[in-house]
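Worksheet for the structure shown next.
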Amino acid sequence: MNKIFSPGKIGGLQLKNRIIRSGCFEGMCQNGQVTDKLIEHHRRLAEGGIAMTTVAYCSVSHDGRTFEHELWMRKEIVPDLKRLTDAVHKEGAAVSIQLGHSGFFTSKGVIGKRPLGASPKLCVFTMSYCREMNKKDIKEKTADFVNAALLARSAGFNAVEIHAGHGYLLSQFLSPWTNKRKDEFGGSLENRLRFPTMVIREIRKALGPDFPVLVKMNQRDGMPGGVEIEDAVKIAKAFEEAGASALIPSAGFTSKVPFLMLRGNLPVKEMSENQPKLMNRIGLKLFGRFMVPEHKYEPLFLFEGARKIREAVNIPVIYIGGVESLGTILEARNAGFEFVQMGRATIQDPDFVKKLQTGELTRSPCDHCNRCVAAMDAGGVYCVSNEVGFLE
Ligand SMILES: Cc1cc2nc3c(=O)[nH]c(=O)nc-3n(C[C@H](O)[C@H](O)[C@H](O)COP(=O)(O)O)c2cc1C
C-alpha cells in the first residue's frame, strides 16, 4: 500500500499518492463554457481520493474544437476555471488540464472554417477536407499552446498535459499516416518531431523549469503506416529533451482506431443515438461496426510498449490503460512507473481511490461496456450501468 499511497513528484509538484485521473472528455462545456457540472465533477473526483484530476481536452484555440460542448482556452473563462481549481484544491487534490488541438478532425460546423492539418486529408467522421498548415500557421498554433498553458497556470492549475497522442494535431505531425509534408516538418522522424518538440520547448521556456508539463503520446498509432513503438521510443526521448516533466504513453488514433486506447465493448448503438447530426446518426448505425474496429480488453493492455518507453527516459512515466485494481497499480509501480492514470474506474465510481485505500474494494466493477463514451457525446460523462457514480 505504501508504494501506492505515498507521495511522489512530477517536476516541482508533490502529489499525495500515485493515482491520477486521466483526461476523460466530460461533455459538460456547452458553448465552450465552464459549467457548474464540470466543476462538481472534478470536485467529486478530488473528494474521492485521487492525487490529481485532469480536466479533459481543452482546445488551445477556437479552431481546434470538434464539439460544441468542448472547452477552448481564453482569458474570459479564467475566473470560472479558477472556481474549478479552488474547488479541487479545497478537497486536498491537485488539478491538471489537457491542452490540445484536433487538427484535421475538427468540425467545420463548430469552428466555422476549414480545418487545419499536417497535410491535406479527408476526415470521414466530420466529412471535412483540411488545409495543410503553412509556416505562419505553425508559428501561430505554437503561440496558442504557450498562451493556453500560461492561462491554465494563472487559473490555478498545478500542471498542464499536452496532447501529443490519439491522432490530435501534434500526433498528426508525428504520424506518417497523416504527415505527407515535403518541407522540414515532414518526412524523417526528426522533421516530424519539429513542430511537437517546438511546442513543448516553448511551453517549458514560458512556464519555467519546475512547472509540471505532462505529455500524452502514442506508443503505437494502431494502423499500417502509423507510428510504431520503435519510433515512439525516440519520440519519448525527444520530448524529454524538449522539457517534458513526465510522459503518458497511450495508443490509438481518434479518427481511425479510437477504441485502441480503450479496448472492450463497442457501443455503436448508443454512440449513433447520441450524435447531434442526423447524417452521423445514420452513418454510425449502418457502418459503425466496419468503420470502428473493436479491440479486446485486458488489464494493463498497454504495458509492454509503456515499459519500453520507461526504460528509455529518465523522467517519470505515468502508466495508462487498463488500471483497474490494487494489483494492477502495484504491478505498474513495481515495473518502475512512478504514477498511474485511471479513466473508467473513476467514471464508474469517483470514490474508487478512497475505497482502494480503506480496503472496501480491491478491483473496479467497471465491465468496459464503454457506454460512458457514448454518454459524453450526449452532454455529460457518467457510468450508465450503476448508480454509485456521477448522476446523468
Ligand atoms: C468517456 C471517456 C472519455 C475520454 N476522453 C479522453 C480525452 O478527452 N482525452 C484523452 O486523452 N483520453 C480520453 N479518454 C481515454 C482515457 O484517458 C484513457 O486513456 C483510457 O480510458 C484508458 O484508461 P482506462 O483503462 O483507465 O479507462 C477517454 C476515455 C473515456 C472512457
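Residues in the C-alpha cells are named by chain (A, B, ... in the order shown) and by number from 1 within that chain; ligands are numbered from 1 in the order shown.
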Report the closest atom pair, with its distance in Å rounded to one decimal, for each residue of chain A that has an atom no farther than 7 Å from ligand 1; count only C-alpha atoms and all ligand atoms, sort by chain and then rising residue number, and write it as CSV.
```
residue,atom,partner,partner_atom_place_in_ligand_line,distance
A:Ser22,CA,ligand 1,17 (O),4.5
A:Gly23,CA,ligand 1,17 (O),4.5
A:Cys24,CA,ligand 1,5 (N),3.3
A:Phe25,CA,ligand 1,8 (O),3.7
A:Glu26,CA,ligand 1,3 (C),6.8
A:Ala56,CA,ligand 1,8 (O),4.6
A:Tyr57,CA,ligand 1,8 (O),4.5
A:His163,CA,ligand 1,11 (O),6.6
A:His166,CA,ligand 1,11 (O),6.8
A:Lys216,CA,ligand 1,11 (O),6.9
A:Ser250,CA,ligand 1,19 (O),6.2
A:Met261,CA,ligand 1,20 (C),5.4
A:Leu262,CA,ligand 1,22 (C),4.7
A:Ile320,CA,ligand 1,23 (O),5.5
A:Gly321,CA,ligand 1,23 (O),4.0
A:Gly322,CA,ligand 1,25 (O),3.5
A:Val323,CA,ligand 1,26 (O),5.1
A:Glu324,CA,ligand 1,26 (O),6.7
A:Gln341,CA,ligand 1,26 (O),6.4
A:Met342,CA,ligand 1,26 (O),3.7
A:Gly343,CA,ligand 1,27 (O),3.7
A:Arg344,CA,ligand 1,27 (O),3.8
A:Ala345,CA,ligand 1,26 (O),6.2
A:Asn370,CA,ligand 1,31 (C),6.4
A:Cys372,CA,ligand 1,1 (C),4.9
A:Val373,CA,ligand 1,1 (C),3.9
A:Met376,CA,ligand 1,1 (C),5.9
A:Val381,CA,ligand 1,1 (C),5.9
```
Those same residues - N, CA, C and O atoms - I'd like them written as a JSON list (two decimals), in the first residue's frame.
```json
[["chain", "number", "residue", "atom", "x", "y", "z"],
["A", 22, "SER", "N", -7.14, 10.24, -15.47],
["A", 22, "SER", "CA", -6.75, 10.60, -16.83],
["A", 22, "SER", "C", -7.77, 11.56, -17.44],
["A", 22, "SER", "O", -8.91, 11.65, -16.95],
["A", 23, "GLY", "N", -7.38, 12.25, -18.49],
["A", 23, "GLY", "CA", -8.31, 13.13, -19.19],
["A", 23, "GLY", "C", -9.40, 12.30, -19.83],
["A", 23, "GLY", "O", -9.13, 11.48, -20.71],
["A", 24, "CYS", "N", -10.62, 12.46, -19.38],
["A", 24, "CYS", "CA", -11.78, 11.77, -19.98],
["A", 24, "CYS", "C", -12.80, 12.83, -20.31],
["A", 24, "CYS", "O", -13.42, 13.41, -19.39],
["A", 25, "PHE", "N", -12.97, 13.09, -21.58],
["A", 25, "PHE", "CA", -13.84, 14.18, -22.04],
["A", 25, "PHE", "C", -15.16, 14.14, -21.29],
["A", 25, "PHE", "O", -15.87, 13.14, -21.31],
["A", 26, "GLU", "N", -15.48, 15.25, -20.63],
["A", 26, "GLU", "CA", -16.65, 15.28, -19.75],
["A", 26, "GLU", "C", -17.93, 15.60, -20.50],
["A", 26, "GLU", "O", -19.03, 15.27, -20.03],
["A", 56, "ALA", "N", -10.34, 17.29, -19.00],
["A", 56, "ALA", "CA", -10.03, 16.69, -20.30],
["A", 56, "ALA", "C", -10.02, 17.73, -21.40],
["A", 56, "ALA", "O", -10.33, 18.89, -21.17],
["A", 57, "TYR", "N", -9.74, 17.21, -22.56],
["A", 57, "TYR", "CA", -9.48, 18.00, -23.75],
["A", 57, "TYR", "C", -10.00, 19.45, -23.74],
["A", 57, "TYR", "O", -11.19, 19.70, -23.86],
["A", 163, "HIS", "N", -1.49, 17.32, -25.29],
["A", 163, "HIS", "CA", -1.96, 16.14, -26.01],
["A", 163, "HIS", "C", -1.18, 15.97, -27.31],
["A", 163, "HIS", "O", -1.39, 16.68, -28.27],
["A", 166, "HIS", "N", -3.14, 10.13, -29.65],
["A", 166, "HIS", "CA", -4.54, 9.88, -30.05],
["A", 166, "HIS", "C", -4.94, 10.52, -31.38],
["A", 166, "HIS", "O", -6.12, 10.79, -31.61],
["A", 216, "LYS", "N", 1.02, 13.56, -23.16],
["A", 216, "LYS", "CA", 0.38, 12.29, -23.52],
["A", 216, "LYS", "C", 0.75, 12.00, -24.96],
["A", 216, "LYS", "O", 0.64, 12.87, -25.83],
["A", 250, "SER", "N", 0.09, 6.41, -24.34],
["A", 250, "SER", "CA", -1.18, 5.77, -24.69],
["A", 250, "SER", "C", -1.08, 5.22, -26.12],
["A", 250, "SER", "O", 0.02, 5.00, -26.62],
["A", 261, "MET", "N", -7.29, 2.83, -27.60],
["A", 261, "MET", "CA", -6.88, 3.41, -26.31],
["A", 261, "MET", "C", -7.77, 2.94, -25.16],
["A", 261, "MET", "O", -7.44, 3.13, -24.01],
["A", 262, "LEU", "N", -8.91, 2.33, -25.52],
["A", 262, "LEU", "CA", -9.90, 1.95, -24.51],
["A", 262, "LEU", "C", -10.05, 0.44, -24.34],
["A", 262, "LEU", "O", -10.13, -0.08, -23.25],
["A", 320, "ILE", "N", -0.78, 4.22, -18.26],
["A", 320, "ILE", "CA", -2.22, 4.34, -18.55],
["A", 320, "ILE", "C", -2.70, 3.15, -19.37],
["A", 320, "ILE", "O", -1.94, 2.64, -20.19],
["A", 321, "GLY", "N", -3.95, 2.73, -19.14],
["A", 321, "GLY", "CA", -4.57, 1.68, -19.96],
["A", 321, "GLY", "C", -4.84, 0.42, -19.17],
["A", 321, "GLY", "O", -3.94, -0.39, -18.96],
["A", 322, "GLY", "N", -6.09, 0.26, -18.71],
["A", 322, "GLY", "CA", -6.47, -0.96, -18.01],
["A", 322, "GLY", "C", -5.98, -1.04, -16.58],
["A", 322, "GLY", "O", -5.75, -2.13, -16.06],
["A", 323, "VAL", "N", -5.81, 0.11, -15.93],
["A", 323, "VAL", "CA", -5.52, 0.10, -14.49],
["A", 323, "VAL", "C", -6.87, -0.04, -13.79],
["A", 323, "VAL", "O", -7.73, 0.83, -13.92],
["A", 324, "GLU", "N", -7.08, -1.13, -13.10],
["A", 324, "GLU", "CA", -8.43, -1.44, -12.61],
["A", 324, "GLU", "C", -8.46, -1.98, -11.19],
["A", 324, "GLU", "O", -9.53, -2.28, -10.67],
["A", 341, "GLN", "N", -2.39, 6.53, -14.40],
["A", 341, "GLN", "CA", -3.61, 7.29, -14.67],
["A", 341, "GLN", "C", -4.75, 6.29, -14.84],
["A", 341, "GLN", "O", -4.56, 5.22, -15.43],
["A", 342, "MET", "N", -5.91, 6.68, -14.30],
["A", 342, "MET", "CA", -7.10, 5.82, -14.43],
["A", 342, "MET", "C", -8.23, 6.62, -15.03],
["A", 342, "MET", "O", -8.47, 7.75, -14.62],
["A", 343, "GLY", "N", -8.91, 6.01, -15.99],
["A", 343, "GLY", "CA", -10.08, 6.64, -16.58],
["A", 343, "GLY", "C", -11.36, 6.01, -16.07],
["A", 343, "GLY", "O", -11.97, 6.47, -15.11],
["A", 344, "ARG", "N", -11.73, 4.89, -16.71],
["A", 344, "ARG", "CA", -13.07, 4.32, -16.47],
["A", 344, "ARG", "C", -13.35, 3.92, -15.03],
["A", 344, "ARG", "O", -14.49, 4.06, -14.56],
["A", 345, "ALA", "N", -12.34, 3.43, -14.32],
["A", 345, "ALA", "CA", -12.60, 3.01, -12.92],
["A", 345, "ALA", "C", -13.11, 4.19, -12.10],
["A", 345, "ALA", "O", -13.93, 4.01, -11.18],
["A", 370, "ASN", "N", -18.20, 0.59, -22.12],
["A", 370, "ASN", "CA", -17.86, 1.82, -22.85],
["A", 370, "ASN", "C", -19.07, 2.68, -23.22],
["A", 370, "ASN", "O", -18.97, 3.55, -24.10],
["A", 372, "CYS", "N", -20.10, 4.85, -21.32],
["A", 372, "CYS", "CA", -19.73, 6.20, -20.83],
["A", 372, "CYS", "C", -19.20, 7.04, -21.99],
["A", 372, "CYS", "O", -19.36, 8.26, -22.00],
["A", 373, "VAL", "N", -18.60, 6.37, -22.98],
["A", 373, "VAL", "CA", -18.06, 7.10, -24.13],
["A", 373, "VAL", "C", -19.22, 7.68, -24.95],
["A", 373, "VAL", "O", -19.15, 8.82, -25.43],
["A", 376, "MET", "N", -20.79, 10.75, -23.08],
["A", 376, "MET", "CA", -20.09, 12.05, -23.14],
["A", 376, "MET", "C", -20.54, 12.85, -24.36],
["A", 376, "MET", "O", -20.58, 14.07, -24.33],
["A", 381, "VAL", "N", -20.41, 12.92, -19.09],
["A", 381, "VAL", "CA", -19.92, 11.57, -18.93],
["A", 381, "VAL", "C", -20.37, 11.00, -17.57],
["A", 381, "VAL", "O", -20.33, 11.69, -16.56]]
```
At a cut-off of 9 Å, using only C-alpha atoms, what residues contact Leu150 (chain A)? Leave out same-chain residues fewer than 4 positions from it and give the result as an mmCIF file with C-alpha atoms, in the first residue's frame.
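And here is the file that came out, part_12.cif:
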```cif
data_model
loop_
_atom_site.group_PDB
_atom_site.id
_atom_site.type_symbol
_atom_site.label_atom_id
_atom_site.label_comp_id
_atom_site.auth_asym_id
_atom_site.auth_seq_id
_atom_site.Cartn_x
_atom_site.Cartn_y
_atom_site.Cartn_z
ATOM 1 C CA PHE A 145 -0.265 26.311 -26.988
ATOM 2 C CA VAL A 146 2.026 28.605 -24.988
ATOM 3 C CA SER A 154 -2.944 31.696 -13.996
ATOM 4 C CA ALA A 155 -6.237 29.854 -13.376
ATOM 5 C CA ILE A 203 5.878 25.946 -23.185
ATOM 6 C CA ALA A 206 7.344 30.200 -20.814
ATOM 7 C CA LEU A 207 6.499 28.259 -17.634
#
```
Residue list (strand (DSSP E or B), DSSP) for region 79-279 of chain A, as number ranges by chain: A: 94-100, 116-117, 122-123, 128-129, 131-132, 159-164, 213-220, 246-251, 253, 257, 264
Could you check the closest approach to Ile229 (chain A) for each of A:Asp80, A:Glu304, A:Asp377, A:Glu270 and tell me which residue wins, using only C-alpha atoms? A:Glu304
Per DSSP on the backbone, what are the alpha helix (DSSP H) residues of region 33-243 of chain A, as a count of residues only? 88
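Across A:Gln219, A:Gln98, A:Thr346, A:Ser272, the tightest approach to Phe303 (chain A) is made by A:Gln219 when counting only C-alpha atoms.
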Which residue is closest to Lys90 (chain A)? Choose from A:Arg44, A:Arg181, A:Arg194, A:Arg74 and count only C-alpha atoms. A:Arg44
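Across the structure, CA of Tyr168 (chain A) and CA of Asp221 (chain A) are spaced 11.0 Å apart.
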Find the spatial neighbours of Pro316 (chain A), counting only C-alpha atoms, within a cut-off of 10 Å - ignore same-chain residues fewer than 2 positions away - and output them as a ChimeraX atom specification. /A:8-11,214,240,244-248,310,313-314,318-319,336-339
Name all residues at most 6 Å from Phe157 (chain A) (count only C-alpha atoms; drop same-chain ones fewer than 5 positions away) and give them as a VMD selection string. chain A and resid 95 to 96 152
